[in-house]
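Everything on this sheet refers to the single structure shown next.
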Amino acid sequence: MKRRRGQLRRRVVATAVVGFVLLWTVVFVQMATGNDPALGTGTATRSAAKQKRLPSPQRRSLQPAVPPPSEREDDESTPVETEPSEAGIEAERAEVERIEIERLEAEAREREELEPLTTGQS
Amino acid sequence: MSEARRRFECFGGLVTLSVLGPASMEPERATAAAEARLLAAHRQLSRFLPDSELSRLNRDPRRRVPADPLLLRLASAAGEAGELTGGLVDPTLLGEIEAAGYRDSMQGRPPARPPAEPRAVAPAGRSSARSWAKLSVDWRAGAIERPPGIEIDSGGIAKGLLADEVGAMLAEFPAYAVDCCGDVRIGGSAGRQREIRVEDPFGGEPICSLRVSDGGVATSGVTRRSWEGAGGAPAHHLLDPATGRPAFTGVVQATALAPSALLADVHAKWALLSGPELAPSRLPHGGVLVLADGGVETVVPRTPIETAA
């Protein structure tokens, strides 16, 4: 009787420890992958992280002109499950940035002064 | 969009071409074609090349001489320059200018005595011979008519004429500039302005700058193509048609704006030969005058430049 009581106690303790560990493992994995439920959807979290990493003022200035693909998806209330893969988003973002940089460079060239000439005695 | 530039020797000086356009329009290729056109025109119109078509025309004993369209245009422009200026700009004084000592291109040669020192100054006058009025062009037959012995000096007129012609070749590009040794044609479909600096005839920094988006700019003066004439007297290439000798009018350099480079060249010479009092009236589209005492006078345009052909 005494031995059976000890076995039951050990099972309860082991189950509690395993359950505790499993629960925190799930939480840890979710946090580590950036899917903190307290911060909303995973997409928005990645977008914010990317914006912080933008290195130069020129690149930062691109953001208001063309919203990142992830934000456009949010506006259309696209379910998280159907969003493109992270690699796809990156490729699309890079393409948008490339086009925008080309446009800004073209505008800058338009504003550039043409090289002066000199008129002298012919 | 990229700007193709070329700089090469032609017409006894340096020619600069600048063409701005997208890669799809091949601006490099266009500048190469423009360079080839200008070099061919130089071989055709130089009076310093004995085999040029102009030299052959000047030697030709016939009254009526068949000619290439470019030479027809040069002869026509020579007559029009005389007509416009009442004979003050006379491109038929070749014999006189050779007699004054200008027998080779003087390319790269420094002026004999910079600046040419004026003696008694007076506005230039017209030639009684009016040879320019005896030039006529039969466009349909492709021939030039003139009394044998009348010779054409291509001089600045050819540079202005070719700057305009090459400008027309490049007109579809967003921006272009053709600088034929100081006779400049600016234009392009984008209407962008370009700064044109005016050289100091006495060798200092540019005296001022003009902004042109479509039109011509040309400068004539007496301090660069100058040499020592008979008795060591200063001489230069702008002749007084009344005397056939170098003109000292009190204006040492005139820069003219005009709808075309050819017209700008004629107006610049006309202003210089007219002397300080009348010179501003010879620059209807504006310009800059440098007087013998070093004074600089900017002439405000009375007639805005309109798009030229």
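Residue numbers start at 1 in each chain; chains themselves are named A, B, ... in the order of the structure tokens; ligands are numbered from 1 in the order shown.
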Spatial neighbours of Leu262 (chain B), max dist 9 Å, only C-alpha atoms, sep filter under 6 positions, as an NGL selection string: :B and (77 or 156-164 or 183 or 185 or 216-218)
DSSP-assigned helix (DSSP H, G or I) members of region 17-220 of chain B, reported as a PyMOL selection string: chain B and resi 23-25+27-45+53-59+69-84+94-99+131-134+155-169
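Of the listed residues (B:Ala143, B:Ala271, B:Ala99, B:Ala261), B:Ala261 comes nearest to Cys180 (chain B); the distances count only C-alpha atoms.
Take the candidates B:Pro284, B:Gly191, B:Gly221, B:Gly232 and check each one against Ala258 (chain B) using only C-alpha atoms; the shortest distance goes to B:Pro284.
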Among listed residues B:Ala30, B:Val198, B:Ile144, B:Leu17, nearest Arg211 (chain B) (using only C-alpha atoms): B:Val198
How close does each residue of chain B get to chain A, giving the shortest atom pair and distance in Å to one decimal for every residue with an atom at most 9 Å away, counting only C-alpha atoms, sorted by chain and residue number, as a Markdown table?
```
| residue | atom | partner | partner_atom | distance |
| --- | --- | --- | --- | --- |
| B:Met1 | CA | A:Ala106 | CA | 7.5 |
| B:Glu3 | CA | A:Leu114 | CA | 8.9 |
| B:Gly13 | CA | A:Ser122 | CA | 8.0 |
| B:Thr16 | CA | A:Leu117 | CA | 8.6 |
| B:Ser18 | CA | A:Glu115 | CA | 8.7 |
| B:Leu20 | CA | A:Leu114 | CA | 8.9 |
| B:Gly155 | CA | A:Ser122 | CA | 8.4 |
| B:Gly156 | CA | A:Ser122 | CA | 6.4 |
| B:Lys159 | CA | A:Ser122 | CA | 8.3 |
| B:Ala175 | CA | A:Leu114 | CA | 8.6 |
| B:Ala177 | CA | A:Leu117 | CA | 8.4 |
| B:Asp179 | CA | A:Leu117 | CA | 7.7 |
| B:Cys180 | CA | A:Ser122 | CA | 8.0 |
| B:Cys181 | CA | A:Ser122 | CA | 5.4 |
| B:Gly182 | CA | A:Thr119 | CA | 4.4 |
| B:Asp183 | CA | A:Ser122 | CA | 6.6 |
| B:Val184 | CA | A:Thr119 | CA | 7.0 |
| B:Arg192 | CA | A:Leu114 | CA | 8.1 |
| B:Gln193 | CA | A:Leu114 | CA | 7.5 |
| B:Arg194 | CA | A:Leu114 | CA | 5.6 |
| B:Glu195 | CA | A:Pro116 | CA | 4.7 |
| B:Ile196 | CA | A:Leu117 | CA | 4.9 |
| B:Arg197 | CA | A:Thr118 | CA | 4.5 |
| B:Val198 | CA | A:Thr119 | CA | 5.2 |
| B:Glu199 | CA | A:Gly120 | CA | 5.0 |
| B:Asp200 | CA | A:Gly120 | CA | 7.8 |
| B:Pro201 | CA | A:Gly120 | CA | 7.8 |
| B:Pro206 | CA | A:Thr118 | CA | 8.2 |
| B:Ser209 | CA | A:Thr118 | CA | 8.6 |
| B:Val217 | CA | A:Thr119 | CA | 7.3 |
| B:Ala218 | CA | A:Thr119 | CA | 6.4 |
| B:Thr219 | CA | A:Gln121 | CA | 5.0 |
| B:Ser220 | CA | A:Gln121 | CA | 4.7 |
| B:Gly221 | CA | A:Gln121 | CA | 5.3 |
| B:Val222 | CA | A:Gln121 | CA | 7.9 |
| B:Thr223 | CA | A:Gln121 | CA | 8.0 |
| B:Arg224 | CA | A:Gln121 | CA | 6.5 |
| B:Arg225 | CA | A:Gln121 | CA | 8.1 |
| B:Gln253 | CA | A:Gln121 | CA | 7.5 |
| B:Ala254 | CA | A:Gln121 | CA | 8.6 |
| B:Thr255 | CA | A:Thr119 | CA | 8.0 |
| B:Asp265 | CA | A:Ser122 | CA | 8.7 |
```
Please produce an output containing N, CA and C atoms for each residue in the selection, written as a compact mmCIF listing (two decimals), in the first residue's frame.
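This is the output file again26.txt:
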```txt
# COMPACT_ATOMS: atom_id res chain seq x y z
N MET B 1 19.62 56.90 -68.34
CA MET B 1 20.02 58.08 -69.10
C MET B 1 21.53 58.30 -68.93
N GLU B 3 25.14 60.52 -70.64
CA GLU B 3 25.61 61.59 -71.52
C GLU B 3 26.87 61.14 -72.25
N GLY B 13 40.21 73.97 -84.79
CA GLY B 13 40.09 74.14 -83.35
C GLY B 13 39.53 72.88 -82.73
N THR B 16 33.39 70.01 -79.48
CA THR B 16 32.86 69.19 -78.40
C THR B 16 31.42 68.82 -78.71
N SER B 18 28.06 66.72 -77.09
CA SER B 18 27.50 66.16 -75.87
C SER B 18 26.05 65.76 -76.15
N LEU B 20 22.75 63.65 -74.44
CA LEU B 20 22.14 63.00 -73.29
C LEU B 20 20.93 62.21 -73.74
N GLY B 155 35.24 80.24 -92.94
CA GLY B 155 35.37 80.86 -91.62
C GLY B 155 34.33 80.39 -90.62
N GLY B 156 33.81 81.34 -89.85
CA GLY B 156 32.84 81.02 -88.81
C GLY B 156 31.51 80.56 -89.34
N LYS B 159 31.24 76.86 -89.41
CA LYS B 159 31.11 76.28 -88.06
C LYS B 159 29.68 76.41 -87.56
N ALA B 175 18.65 65.98 -74.58
CA ALA B 175 19.50 67.18 -74.54
C ALA B 175 20.76 66.92 -75.36
N ALA B 177 24.43 69.18 -77.12
CA ALA B 177 25.19 70.41 -77.35
C ALA B 177 26.23 70.13 -78.41
N ASP B 179 29.44 72.08 -79.98
CA ASP B 179 30.32 73.25 -79.87
C ASP B 179 31.39 73.15 -80.95
N CYS B 180 31.19 73.90 -82.03
CA CYS B 180 32.17 73.91 -83.12
C CYS B 180 33.12 75.07 -82.89
N CYS B 181 34.12 74.84 -82.07
CA CYS B 181 35.17 75.84 -81.81
C CYS B 181 34.58 77.18 -81.35
N GLY B 182 33.56 77.14 -80.54
CA GLY B 182 32.98 78.39 -80.02
C GLY B 182 31.63 78.73 -80.61
N ASP B 183 31.30 78.19 -81.76
CA ASP B 183 29.94 78.34 -82.30
C ASP B 183 29.12 77.17 -81.76
N VAL B 184 28.19 77.48 -80.88
CA VAL B 184 27.53 76.44 -80.09
C VAL B 184 26.05 76.35 -80.46
N ARG B 192 16.01 71.21 -71.52
CA ARG B 192 16.84 71.49 -70.35
C ARG B 192 17.86 72.58 -70.65
N GLN B 193 18.07 73.43 -69.68
CA GLN B 193 19.01 74.53 -69.87
C GLN B 193 20.45 74.06 -69.65
N ARG B 194 21.35 74.67 -70.38
CA ARG B 194 22.77 74.38 -70.19
C ARG B 194 23.49 75.72 -70.01
N GLU B 195 24.48 75.69 -69.14
CA GLU B 195 25.25 76.90 -68.89
C GLU B 195 26.33 77.05 -69.97
N ILE B 196 26.40 78.24 -70.54
CA ILE B 196 27.45 78.54 -71.52
C ILE B 196 28.31 79.66 -70.94
N ARG B 197 29.57 79.35 -70.70
CA ARG B 197 30.48 80.36 -70.14
C ARG B 197 31.16 81.13 -71.27
N VAL B 198 31.28 82.42 -71.06
CA VAL B 198 31.90 83.27 -72.09
C VAL B 198 33.35 83.50 -71.71
N GLU B 199 34.22 83.13 -72.64
CA GLU B 199 35.67 83.24 -72.40
C GLU B 199 36.11 84.69 -72.28
N ASP B 200 37.13 84.89 -71.45
CA ASP B 200 37.75 86.21 -71.33
C ASP B 200 38.73 86.38 -72.50
N PRO B 201 38.57 87.41 -73.32
CA PRO B 201 39.48 87.55 -74.47
C PRO B 201 40.92 87.84 -74.05
N PRO B 206 36.31 82.95 -67.06
CA PRO B 206 35.15 83.34 -67.88
C PRO B 206 34.50 84.62 -67.34
N SER B 209 28.29 83.97 -67.63
CA SER B 209 27.71 82.76 -68.19
C SER B 209 26.27 83.02 -68.61
N VAL B 217 24.79 80.05 -79.78
CA VAL B 217 25.66 81.04 -79.14
C VAL B 217 26.96 81.06 -79.94
N ALA B 218 27.46 82.25 -80.22
CA ALA B 218 28.74 82.32 -80.94
C ALA B 218 29.52 83.53 -80.46
N THR B 219 30.84 83.42 -80.55
CA THR B 219 31.72 84.50 -80.11
C THR B 219 32.72 84.82 -81.22
N SER B 220 32.86 86.10 -81.49
CA SER B 220 33.90 86.54 -82.42
C SER B 220 34.79 87.53 -81.70
N GLY B 221 36.06 87.52 -82.04
CA GLY B 221 36.97 88.44 -81.37
C GLY B 221 38.25 88.62 -82.15
N VAL B 222 39.07 89.53 -81.65
CA VAL B 222 40.27 89.89 -82.39
C VAL B 222 41.55 89.50 -81.64
N THR B 223 41.42 88.77 -80.54
CA THR B 223 42.62 88.49 -79.75
C THR B 223 43.15 87.07 -79.93
N ARG B 224 42.38 86.17 -80.51
CA ARG B 224 42.89 84.79 -80.63
C ARG B 224 43.56 84.55 -81.97
N ARG B 225 42.82 84.67 -83.04
CA ARG B 225 43.44 84.46 -84.37
C ARG B 225 44.07 85.79 -84.78
N GLN B 253 35.67 91.71 -78.42
CA GLN B 253 34.99 90.40 -78.47
C GLN B 253 33.48 90.62 -78.35
N ALA B 254 32.75 89.89 -79.15
CA ALA B 254 31.28 89.95 -79.09
C ALA B 254 30.74 88.54 -79.05
N THR B 255 29.83 88.31 -78.11
CA THR B 255 29.14 87.01 -78.01
C THR B 255 27.67 87.26 -78.28
N ASP B 265 26.65 83.46 -85.08
CA ASP B 265 27.97 83.79 -85.60
C ASP B 265 27.93 85.10 -86.39
```
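Atom pair CA of Ala34 (chain B) / CA of Cys10 (chain B) has a distance of 12.1 Å (rounded to one decimal).
Interatomic distance, CA of Val29 (chain A) to CA of Ala14 (chain A): 22.3 Å.
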Sel. of strand (DSSP E) residues, region 69-236 of chain B, as a PyMOL selection string: chain B and resi 136-138+143-145+175-180+183-187+194-198+208-212+215-221+226-228+234-236
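The two atoms in question, CA of Val252 (chain B) and CA of His285 (chain B), are spaced 19.6 Å apart.
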